[in-house]
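I have placed the structure first, in the form of structure tokens, so that the comments after it can refer back to it.
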Amino acid sequence: MSASPTQPTSPTRPAASARPAAPRRFYVTTSIPYVNADPHLGFALELVQADVLARHRRLRGDQVRFQSGTDDNALKNVQAAERAGVPTQDFVDAHAAAFARQREVLDLSYDDFLRTSRDPRHRPGAERLWRACADAGDLYRKHYEGLYCVGCEQFYAEDELADGLCPQHETRPQPVSEENWFFRLSRYQQQLLDLYASGRLRIEPAVRANEVRAFVEAGLTDFSISRSVDRARGWGVPVPGDPTQVMYVWWDALGNYLTGLDYGDGPDAPAFRTWWRGEDASGSRRVHVVGKDILRFHAIYWPAMLLSAGLPLPTEILVHDFLTANGRKLSKSLGTVVDPVRLTEEYGTDALRWWLTARVPKVGDTDFTLDRLVDVANQDLAGGIGNLTQRVVSMVHRYRAGAVPEGPEAPERDDVREHFAGTALLAEANGLPDRIDDALAAFDLRAATRAVRAVIAQANRYVEDTAPWTLAKAERAGDRDAGRRLDVVLGVLTAAVRAIGAELAPFVPTLAERVLVQVGSGLPGERLPDPAPVFPRLEVRPEVRPDVRPEVTEERREEVPAT
């Protein structure tokens, strides 16, 4: 029996015999937000969730494409520009830039950022999708009257309102009467139900899948997919062949998942074939990460549009709930906003990313406070992996001059306890990738981080149980067996921390890199860098507490009675 327990296998590459002949592909997208105001923490949640999934699949050796962007063509953007007294294009350019800056603010790894008003790929792709559905006989024109919420960019039936107000934006929908183009959604009711039942389109979590299924089973009605040029102020993608109409913003916005893949160049465009059709791949996943408030668009309208156009469907729709402040949804329209830029400037990107992944559950809204952000960072990052890393590296320097030791070939009688405890710890470290894979496959980021925390806790218990300082004292007194046992303990700990650092990379990339630098590459005898803190303890600074009180925005002002 070896006294040096099995080292963790590399989490970054599969064994050569297991490597597939063709690559696995993973295409993940966020929704594209309206740019009527700067981004808030609620959308940061979605960005970070999608980024974790993208980084995780890259770590596992998949070919990955991660796309985000902005929805520039909404009527609410036009109205916000009018209130600001600036041209619409200038207004959306300024706010879209703030969304693009989230890449640096949140340490995102997206491969493409598509703006629907600026990207030359978008309009040709939106037009191609329109024509494909028209060719299928699914578009027709008719007069329509209804209640329209500009904030949601959708019509509501009266029984869907809360005391006459939009349930999302708490504004009174506007009565609209005009002639528009419609999509025959009703034609696809049974096909959609079959998709859900077969698992070809998977919706997580299950509670959201059940909501979608119940909505479709209740019956689908055709929906409007264009707006008059007059009501849209001429802003948006023109309807092919009809100069009086522009595309409904959701039609061209949903199309961004294709237009960013050069769908406008035709279905044989290389990017479209690679990422949407998944050609020449052993497995291809097309994943949308969205909020629960836009689930209907993504799980009903969007797959129906693709079925009409004869195109492949997304494989998964992963749905997050809301972040709240004082019990109210974070929303630009509601005026409840927490600025992620300010948070990361004061507390660091990794602290925010960790809270968003480790403390936001798969189901249920989550209330944000600075105290919670700081407490979690101090507990898990500074006091968890940070303390463990510095502790281990310091002991390697103190007891072995910074060189990672090799263990002896066989255990002596007295080191059996260290051997089995070390084997158990490294077994947990070796099993960590599989547990994270399972959790993220279920879109449970909190469970994935819980698995990491469990290994950190076990490593800290191993330190206390083996007491390296006691072994070092005995070694200095001439006990050679204690020295051999100390080698085992230090070797196990550096290997465990290295495995933890590798698996942390999708969640807290900067911190993970610091951890991996501290514990080295894993070569026996390698000299580690001098011990250094990898994450500082944080303190809540009252002067940077976010103001999350509901404010009367211009969008809501007309609904508030004068006092």
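FYI, nothing fancy with the structure tokens labels: chains A, B, ... in order, residues from 1 per chain, ligands from 1 as they appear.
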
Spatial neighbours of region 461-464 of chain A, max dist 9 Å, only C-alpha atoms, sep filter under 6 positions, as a VMD selection string: chain A and resid 392 418 421 to 422 425 489 493

Give me, as a Markdown table, each residue of region 376-464 of chain A that comes within 9 Å of region 349-356 of chain A, together with its shortest interatomic pair and the distance in Å at one decimal, counting only C-alpha atoms, with rows ordered by chain and rising residue number.
```
| residue | atom | partner | partner_atom | distance |
| --- | --- | --- | --- | --- |
| A:Val376 | CA | A:Trp355 | CA | 6.6 |
| A:Ala377 | CA | A:Ala351 | CA | 5.4 |
| A:Asn378 | CA | A:Ala351 | CA | 8.8 |
| A:Asp380 | CA | A:Trp354 | CA | 8.8 |
| A:Leu381 | CA | A:Ala351 | CA | 7.8 |
| A:Leu445 | CA | A:Leu356 | CA | 9.0 |
| A:Arg446 | CA | A:Leu356 | CA | 8.7 |
| A:Thr449 | CA | A:Trp354 | CA | 8.5 |
```

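All residues of protein, DNA or RNA that reach within 9 Å of Ala134 (chain A), judged by only C-alpha atoms and not counting those fewer than 6 positions away in the chain, are A:Tyr140, A:Phe183, A:Ser308, A:Ala309.
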
Filtered DSSP result for region 300-402 of chain A, state strand (DSSP E or B), as a PyMOL selection string: chain A and resi 316-320+323-325+328-329+331+336+366-367

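CA of Val35 (chain A) is found 21.0 Å from CA of Arg296 (chain A).
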